[in-house]
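**Q** Here you go, one structure.
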Amino acid sequence: MAVDEVEERLDRAFTALGDPVRRALVARLSRGDATVNELAEPFAITKQAVSRHIHVLETAGLITRSRDAQRRPCHLDAAALEELTSWIDTYRLEVERNYRRLDAVLETMREQEK
Amino acid sequence: MNETTITAQPGTPFIEVVREFDAPRERVFRAWTDPDLVPQWLGPRGMTMKLFEYDASPGGCYRYVHADDRGEHGFHGVFHNVVPGELIVQTFEYEGAPNQVSLETMTFEDLSGDRTRVHGRTVYTTVEGRDAMVASGMEHGLRDSMDRLDEVLAR
């Protein structure tokens, strides 16, 4: 069902972001496309390790890599990140519903205290 | 407009929720701790809340069940500390995920014009535990949407 698909995709995305190196890679790519070499530069880990992190982000659908260009720069998928934001928005909606009811309870209490 | 601010950074086990209310601090605190008032607002839409115990005092326990025709979801915990009008520190456990106990700290702050700001911080034992909790909120949201769609389609 569609709900499960969304959840699986979100699981992958959040697992992918549950690592400081991968979050740093996403932060770097939010400023613009970059090659694996460019991405690997600031890290004290091997280029192979960075490649593996990029592969995880790619599998999670957070970044894409152009197939044709020789440099194959990595590109951050803004829509995938927006989906993570909307995941929080739905939780926010749920919490907000509670608090709207609490607003009503507080209003009733005010009237009773008069 | 009282907007709810939620902060849940990816890869961390924390959730922070901040919300303001058009009521003085004492009243907000009472709505949060009075066992007659809590079931009137806490829990997902369309679910009834059965309160079995709700002793909001230091060392007091609580247990409640949210239910609809699809099933029941139990929650329980202990109030670690309660300072009237100011602070609630409590544990929280969803009985569907036993021993995944989170710790919640709520502070109540006076604002001008008889308004109150409630600041909630929750720390889960794992990042996965936090994500699962937030995802269950999404599930309910989606479920509500599906239900509304059913209503529209049935017309």
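Chain labels follow the order of the structure tokens: the first chain is A, the next B, and so on; residue numbering restarts at 1 in every chain, and ligands are counted from 1 in their shown order.
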With DSSP run on the backbone, what are the strand (DSSP E) residues within chain A? I'd like them as a PyMOL selection string.
**A** chain A and resi 63-65+74-76
**Q** Take the residues from that selection and write them out as a short mmCIF file (atom, residue, chain, number, x, y, z; two decimals), in the first residue's frame, keeping C-alpha atoms.
**A**
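So part-v8.cif came out as:
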```cif
data_model
loop_
_atom_site.label_atom_id
_atom_site.label_comp_id
_atom_site.auth_asym_id
_atom_site.auth_seq_id
_atom_site.Cartn_x
_atom_site.Cartn_y
_atom_site.Cartn_z
CA ILE A 63 20.99 12.69 -4.21
CA THR A 64 21.28 11.93 -7.90
CA ARG A 65 24.34 11.63 -10.15
CA CYS A 74 26.43 14.70 -7.24
CA HIS A 75 23.20 16.66 -7.06
CA LEU A 76 20.96 17.12 -4.02
#
```
**Q** List the spatial neighbours of Pro58 (chain B) as number ranges by chain - criterion: any atom at most 8 Å away, only C-alpha atoms, same-chain residues fewer than 4 positions off excluded.
**A** B: 79-82
**Q** When you get a sec, could you note down which chain A residues fall within 12 Å of chain B, using only C-alpha atoms, as a PyMOL selection string?
**A** chain A and resi 2-4+6-24+26+81+83-113
**Q** Could you pull out the alpha helix (DSSP H) residues of region 41-151 of chain B from DSSP and send them as a PyMOL selection string?
**A** chain B and resi 127-151
**Q** Keeping C-alpha atoms, export the residues of the selection given above as a CSV table (one decimal), in the first residue's frame.
**A**
```csv
chain,number,residue,atom,x,y,z
B,127,VAL,CA,17.2,7.8,17.0
B,128,GLU,CA,15.1,5.0,15.5
B,129,GLY,CA,12.8,5.1,18.5
B,130,ARG,CA,12.2,8.8,17.9
B,131,ASP,CA,11.7,8.4,14.2
B,132,ALA,CA,9.1,5.6,14.8
B,133,MET,CA,7.2,7.8,17.2
B,134,VAL,CA,7.1,10.7,14.7
B,135,ALA,CA,6.2,8.3,11.9
B,136,SER,CA,3.2,7.0,14.0
B,137,GLY,CA,1.9,10.6,14.0
B,138,MET,CA,2.3,10.6,10.2
B,139,GLU,CA,0.4,7.3,10.0
B,140,HIS,CA,-2.6,8.9,11.9
B,141,GLY,CA,-2.5,12.0,9.7
B,142,LEU,CA,-2.6,9.8,6.6
B,143,ARG,CA,-5.3,7.7,8.1
B,144,ASP,CA,-7.4,10.8,8.7
B,145,SER,CA,-6.9,11.8,5.1
B,146,MET,CA,-7.9,8.4,3.9
B,147,ASP,CA,-11.0,8.4,6.0
B,148,ARG,CA,-12.0,11.8,4.6
B,149,LEU,CA,-11.4,10.5,1.1
B,150,ASP,CA,-13.7,7.6,1.9
B,151,GLU,CA,-16.4,10.0,2.9
```
**Q** Please indicate the distance in Å from CA of Thr126 (chain B) to CA of Lys47 (chain A), rounded to one decimal place.
**A**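 Interatomic distance here is 29.5 Å.
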